[in-house]
file coords17.csv (CSV, C-alpha atoms)
chain,number,residue,atom,x,y,z
A,734,MET,CA,4.3,-27.6,-21.7
A,735,ALA,CA,6.4,-25.3,-19.4
A,736,LYS,CA,4.9,-23.9,-16.3
A,737,LYS,CA,4.1,-20.2,-16.1
A,738,ASP,CA,4.3,-17.7,-13.3
A,739,SER,CA,1.1,-19.1,-11.9
A,740,SER,CA,2.9,-22.2,-10.7
A,741,LEU,CA,3.5,-20.5,-7.3
A,742,GLY,CA,-0.3,-20.5,-6.7
A,743,TRP,CA,-1.5,-19.4,-3.4
A,744,ILE,CA,2.0,-19.1,-1.9
A,745,GLY,CA,2.9,-16.1,-4.0
A,746,ILE,CA,-0.3,-14.1,-3.2
A,747,PRO,CA,0.5,-13.2,0.5
A,748,ALA,CA,4.1,-12.3,-0.4
A,749,ARG,CA,3.0,-9.9,-3.1
A,750,VAL,CA,0.2,-8.5,-1.0
A,751,PHE,CA,2.4,-7.8,2.0
A,752,ALA,CA,5.2,-6.4,-0.1
A,753,MET,CA,3.0,-4.0,-1.9
A,754,THR,CA,1.2,-3.0,1.4
A,755,PHE,CA,4.5,-2.3,3.1
A,756,LEU,CA,5.9,-0.3,0.2
A,757,PHE,CA,2.7,1.8,-0.3
A,758,THR,CA,2.4,2.4,3.5
A,759,LEU,CA,6.0,3.5,3.7
A,760,LEU,CA,5.5,5.8,0.7
A,761,SER,CA,2.3,7.3,2.0
A,762,PHE,CA,3.9,7.9,5.4
A,763,ALA,CA,6.8,9.7,3.8
A,764,ILE,CA,4.6,11.9,1.6
A,765,ALA,CA,2.2,12.7,4.5
A,766,LEU,CA,5.1,13.5,6.8
A,767,LEU,CA,6.7,15.8,4.3
A,768,LEU,CA,3.4,17.7,3.7
A,769,SER,CA,2.5,17.8,7.3
A,770,ILE,CA,5.9,19.2,8.3
A,771,LEU,CA,5.7,21.8,5.6
A,772,GLY,CA,2.2,22.7,6.8
A,773,THR,CA,3.3,22.9,10.4
A,774,VAL,CA,6.2,25.1,9.5
A,775,VAL,CA,4.0,27.4,7.5
A,776,TYR,CA,1.4,27.5,10.3
A,777,SER,CA,4.1,28.3,12.8
A,778,GLN,CA,5.4,31.2,10.7
A,779,VAL,CA,2.0,32.7,10.2
A,780,LYS,CA,1.1,32.4,13.9
A,781,HIS,CA,4.6,33.3,15.1
A,782,VAL,CA,4.9,30.2,17.4
A,783,ALA,CA,7.5,27.4,17.6
A,784,PRO,CA,6.7,24.6,15.2
A,785,ASN,CA,5.4,21.4,16.9
A,786,LEU,CA,6.8,18.7,14.6
A,787,SER,CA,5.8,15.9,16.9
A,788,PHE,CA,2.2,16.8,16.0
A,789,ALA,CA,3.0,16.2,12.4
A,790,TYR,CA,4.3,12.7,13.2
A,791,ARG,CA,1.7,11.6,15.7
A,792,HIS,CA,-1.5,13.2,14.6
A,793,ILE,CA,-1.2,13.5,10.8
A,794,ALA,CA,1.4,11.3,9.1
A,795,PHE,CA,1.0,8.1,11.2
A,796,PRO,CA,-2.8,7.9,11.1
A,797,PHE,CA,-2.7,8.7,7.4
A,798,ALA,CA,-0.2,5.9,6.7
A,799,ILE,CA,-2.1,3.3,8.7
A,800,THR,CA,-5.3,4.2,6.9
A,801,ALA,CA,-3.6,4.1,3.5
A,802,GLY,CA,-2.0,0.8,4.4
A,803,ALA,CA,-5.3,-0.8,5.4
A,804,ILE,CA,-6.9,0.4,2.1
A,805,VAL,CA,-3.9,-0.9,0.1
A,806,LEU,CA,-4.0,-4.3,1.9
A,807,ALA,CA,-7.7,-4.8,1.1
A,808,LEU,CA,-7.4,-3.7,-2.5
A,809,SER,CA,-4.3,-5.6,-3.3
A,810,LEU,CA,-5.6,-8.8,-1.6
A,811,GLY,CA,-8.8,-8.5,-3.7
A,812,MET,CA,-6.9,-7.9,-6.9
A,813,GLU,CA,-4.5,-10.8,-6.3
A,814,ILE,CA,-7.3,-13.2,-5.6
A,815,ARG,CA,-9.2,-12.1,-8.7
A,816,ASN,CA,-6.0,-12.4,-10.8
A,817,TYR,CA,-5.3,-15.9,-9.4
A,818,ARG,CA,-8.9,-17.1,-10.2
A,819,GLN,CA,-8.7,-15.6,-13.7
A,820,ARG,CA,-5.4,-17.2,-14.4
A,821,LYS,CA,-6.7,-20.5,-13.1
A,822,ALA,CA,-9.8,-20.3,-15.3
A,823,LEU,CA,-7.7,-19.3,-18.4
A,824,ASP,CA,-5.3,-22.2,-17.8
A,825,GLY,CA,-8.3,-24.6,-17.7
A,826,ILE,CA,-9.6,-23.2,-20.9
A,827,GLU,CA,-6.2,-23.5,-22.5
A,828,ARG,CA,-5.9,-27.1,-21.4
A,829,ALA,CA,-9.4,-27.9,-22.7
A,830,SER,CA,-8.6,-26.6,-26.2

call {"tool": "encode", "arguments": {"input": "coords17.csv", "output": "C-alpha coordinates"}}
result
Amino acid sequence: MAKKDSSLGWIGIPARVFAMTFLFTLLSFAIALLLSILGTVVYSQVKHVAPNLSFAYRHIAFPFAITAGAIVLALSLGMEIRNYRQRKALDGIERAS
(Lines of atoms letter the chains of each structure in order from A and count residues from 1; the text may use other names and numbers.)
(Lines give C-alpha, C1' and ligand atoms only; values in the text may rest on other atoms or scores of the structure.)
Protein backbone atom coordinates (compact mmCIF):
# COMPACT_ATOMS: atom_id res chain seq x y z
CA MET A 1 0.00 0.00 0.00
CA ALA A 2 1.27 3.48 -0.84
CA LYS A 3 1.10 6.24 1.75
CA LYS A 4 -1.35 9.05 1.16
CA ASP A 5 -1.15 12.78 1.91
CA SER A 6 -1.91 12.04 5.55
CA SER A 7 1.62 10.65 5.97
CA LEU A 8 2.81 14.07 7.16
CA GLY A 9 0.55 13.79 10.18
CA TRP A 10 0.81 16.48 12.79
CA ILE A 11 3.77 18.17 11.10
CA GLY A 12 1.72 19.46 8.17
CA ILE A 13 -1.08 20.93 10.26
CA PRO A 14 0.76 23.98 11.69
CA ALA A 15 2.34 24.74 8.33
CA ARG A 16 -1.02 24.80 6.54
CA VAL A 17 -2.69 26.72 9.38
CA PHE A 18 -0.05 29.45 9.49
CA ALA A 19 0.15 29.71 5.70
CA MET A 20 -3.62 30.15 5.38
CA THR A 21 -3.72 32.56 8.33
CA PHE A 22 -0.95 34.70 6.81
CA LEU A 23 -2.56 34.77 3.37
CA PHE A 24 -6.06 35.59 4.61
CA THR A 25 -4.74 38.23 7.02
CA LEU A 26 -2.80 39.88 4.21
CA LEU A 27 -5.81 39.74 1.90
CA SER A 28 -8.15 41.17 4.53
CA PHE A 29 -5.67 43.96 5.28
CA ALA A 30 -5.43 44.86 1.59
CA ILE A 31 -9.20 44.91 1.10
CA ALA A 32 -9.85 46.83 4.33
CA LEU A 33 -7.14 49.34 3.45
CA LEU A 34 -8.55 49.90 -0.02
CA LEU A 35 -12.08 50.43 1.29
CA SER A 36 -10.96 52.63 4.18
CA ILE A 37 -8.84 54.81 1.89
CA LEU A 38 -11.77 55.20 -0.49
CA GLY A 39 -14.04 56.02 2.43
CA THR A 40 -11.56 58.53 3.82
CA VAL A 41 -11.20 60.24 0.45
CA VAL A 42 -14.98 60.44 -0.01
CA TYR A 43 -15.40 61.79 3.53
CA SER A 44 -12.71 64.42 2.96
CA GLN A 45 -14.38 65.51 -0.29
CA VAL A 46 -17.77 65.84 1.39
CA LYS A 47 -16.42 67.76 4.42
CA HIS A 48 -13.87 69.76 2.36
CA VAL A 49 -10.91 68.77 4.54
CA ALA A 50 -7.57 67.13 3.79
CA PRO A 51 -7.78 63.33 3.81
CA ASN A 52 -6.10 61.72 6.82
CA LEU A 53 -4.87 58.45 5.29
CA SER A 54 -2.90 57.42 8.38
CA PHE A 55 -6.27 57.06 10.11
CA ALA A 56 -7.24 54.50 7.47
CA TYR A 57 -4.08 52.47 8.23
CA ARG A 58 -4.00 52.70 12.00
CA HIS A 59 -7.63 52.72 13.06
CA ILE A 60 -9.47 50.78 10.38
CA ALA A 61 -7.35 48.42 8.26
CA PHE A 62 -4.87 47.16 10.87
CA PRO A 63 -7.43 46.27 13.58
CA PHE A 64 -9.66 44.66 10.96
CA ALA A 65 -6.78 42.54 9.66
CA ILE A 66 -5.73 41.45 13.16
CA THR A 67 -9.31 40.47 13.99
CA ALA A 68 -9.76 38.60 10.72
CA GLY A 69 -6.40 36.87 11.23
CA ALA A 70 -7.38 35.67 14.70
CA ILE A 71 -10.69 34.32 13.39
CA VAL A 72 -9.00 32.57 10.45
CA LEU A 73 -6.37 31.08 12.78
CA ALA A 74 -9.00 29.59 15.09
CA LEU A 75 -11.21 28.31 12.27
CA SER A 76 -8.41 26.81 10.19
CA LEU A 77 -6.85 25.15 13.23
CA GLY A 78 -10.19 23.57 14.11
CA MET A 79 -10.79 22.43 10.53
CA GLU A 80 -7.29 20.94 10.17
CA ILE A 81 -7.56 19.03 13.44
CA ARG A 82 -10.99 17.74 12.48
CA ASN A 83 -9.74 16.66 9.05
CA TYR A 84 -6.71 14.94 10.59
CA ARG A 85 -8.89 12.96 13.01
CA GLN A 86 -11.32 12.07 10.25
CA ARG A 87 -8.51 10.87 7.95
CA LYS A 88 -7.03 8.86 10.80
CA ALA A 89 -10.38 7.18 11.52
CA LEU A 90 -11.01 6.44 7.86
CA ASP A 91 -7.52 4.96 7.47
CA GLY A 92 -8.24 2.71 10.46
CA ILE A 93 -11.53 1.60 8.91
CA GLU A 94 -9.77 0.95 5.58
CA ARG A 95 -7.10 -1.16 7.25
CA ALA A 96 -9.71 -3.16 9.19
CA SER A 97 -11.67 -4.08 6.09

call {"tool": "closest_residue", "arguments": {"input": "coords17.csv", "among": "A:Ile744, A:Ala798, A:Ser777, A:Gly772", "to": "Leu759 (chain A)", "atoms": "all atoms listed in the file"}}
result
A:Ala798

call {"tool": "closest_residue", "arguments": {"input": "coords17.csv", "among": "A:Ala807, A:Met753, A:Ile746, A:Ala794", "to": "Leu768 (chain A)", "atoms": "only C-alpha atoms"}}
result
A:Ala794

call {"tool": "closest_residue", "arguments": {"input": "coords17.csv", "among": "A:Asp824, A:Phe795, A:Leu756, A:Arg749", "to": "Ser769 (chain A)", "atoms": "all atoms listed in the file"}}
result
A:Phe795

call {"tool": "atom_distance", "arguments": {"input": "coords17.csv", "atom1": "CA of Pro784 (chain A)", "atom2": "CA of Ile799 (chain A)"}}
result
23.9 Å

call {"tool": "closest_residue", "arguments": {"input": "coords17.csv", "among": "A:Leu766, A:Ala783, A:Ile793, A:Asn816", "to": "Gly745 (chain A)", "atoms": "all atoms listed in the file"}}
result
A:Asn816

call {"tool": "atom_distance", "arguments": {"input": "coords17.csv", "atom1": "CA of Leu823 (chain A)", "atom2": "CA of Ile804 (chain A)"}}
result
28.4 Å

call {"tool": "residues_near_point", "arguments": {"input": "coords17.csv", "point": "(3.8, 1.3, 2.8)", "cutoff": "12 Å", "atoms": "only C-alpha atoms", "output": "number ranges by chain"}}
result
A: 750-765, 795, 797-806

call {"tool": "write_last_selection", "arguments": {"input": "coords17.csv", "atoms": "C-alpha atoms", "output": "PDB file, in the frame of the given file"}}
result
ATOM      1  CA  VAL A 750       0.200  -8.500  -1.000  1.00  0.00           C
ATOM      2  CA  PHE A 751       2.400  -7.800   2.000  1.00  0.00           C
ATOM      3  CA  ALA A 752       5.200  -6.400  -0.100  1.00  0.00           C
ATOM      4  CA  MET A 753       3.000  -4.000  -1.900  1.00  0.00           C
ATOM      5  CA  THR A 754       1.200  -3.000   1.400  1.00  0.00           C
ATOM      6  CA  PHE A 755       4.500  -2.300   3.100  1.00  0.00           C
ATOM      7  CA  LEU A 756       5.900  -0.300   0.200  1.00  0.00           C
ATOM      8  CA  PHE A 757       2.700   1.800  -0.300  1.00  0.00           C
ATOM      9  CA  THR A 758       2.400   2.400   3.500  1.00  0.00           C
ATOM     10  CA  LEU A 759       6.000   3.500   3.700  1.00  0.00           C
ATOM     11  CA  LEU A 760       5.500   5.800   0.700  1.00  0.00           C
ATOM     12  CA  SER A 761       2.300   7.300   2.000  1.00  0.00           C
ATOM     13  CA  PHE A 762       3.900   7.900   5.400  1.00  0.00           C
ATOM     14  CA  ALA A 763       6.800   9.700   3.800  1.00  0.00           C
ATOM     15  CA  ILE A 764       4.600  11.900   1.600  1.00  0.00           C
ATOM     16  CA  ALA A 765       2.200  12.700   4.500  1.00  0.00           C
ATOM     17  CA  PHE A 795       1.000   8.100  11.200  1.00  0.00           C
ATOM     18  CA  PHE A 797      -2.700   8.700   7.400  1.00  0.00           C
ATOM     19  CA  ALA A 798      -0.200   5.900   6.700  1.00  0.00           C
ATOM     20  CA  ILE A 799      -2.100   3.300   8.700  1.00  0.00           C
ATOM     21  CA  THR A 800      -5.300   4.200   6.900  1.00  0.00           C
ATOM     22  CA  ALA A 801      -3.600   4.100   3.500  1.00  0.00           C
ATOM     23  CA  GLY A 802      -2.000   0.800   4.400  1.00  0.00           C
ATOM     24  CA  ALA A 803      -5.300  -0.800   5.400  1.00  0.00           C
ATOM     25  CA  ILE A 804      -6.900   0.400   2.100  1.00  0.00           C
ATOM     26  CA  VAL A 805      -3.900  -0.900   0.100  1.00  0.00           C
ATOM     27  CA  LEU A 806      -4.000  -4.300   1.900  1.00  0.00           C
TER      28      LEU A 806
END

call {"tool": "atom_distance", "arguments": {"input": "coords17.csv", "atom1": "CA of Ala748 (chain A)", "atom2": "CA of Arg818 (chain A)"}}
result
17.0 Å

call {"tool": "residues_around", "arguments": {"input": "coords17.csv", "residues": "Asn785 (chain A)", "least_positions_apart": "3", "cutoff": "9 Å", "atoms": "all atoms listed in the file", "output": "PDB file with C-alpha atoms, in the frame of the given file"}}
result
ATOM      1  CA  ILE A 770       5.900  19.200   8.300  1.00  0.00           C
ATOM      2  CA  THR A 773       3.300  22.900  10.400  1.00  0.00           C
ATOM      3  CA  VAL A 774       6.200  25.100   9.500  1.00  0.00           C
ATOM      4  CA  SER A 777       4.100  28.300  12.800  1.00  0.00           C
ATOM      5  CA  VAL A 782       4.900  30.200  17.400  1.00  0.00           C
ATOM      6  CA  PHE A 788       2.200  16.800  16.000  1.00  0.00           C
ATOM      7  CA  ALA A 789       3.000  16.200  12.400  1.00  0.00           C
TER       8      ALA A 789
END
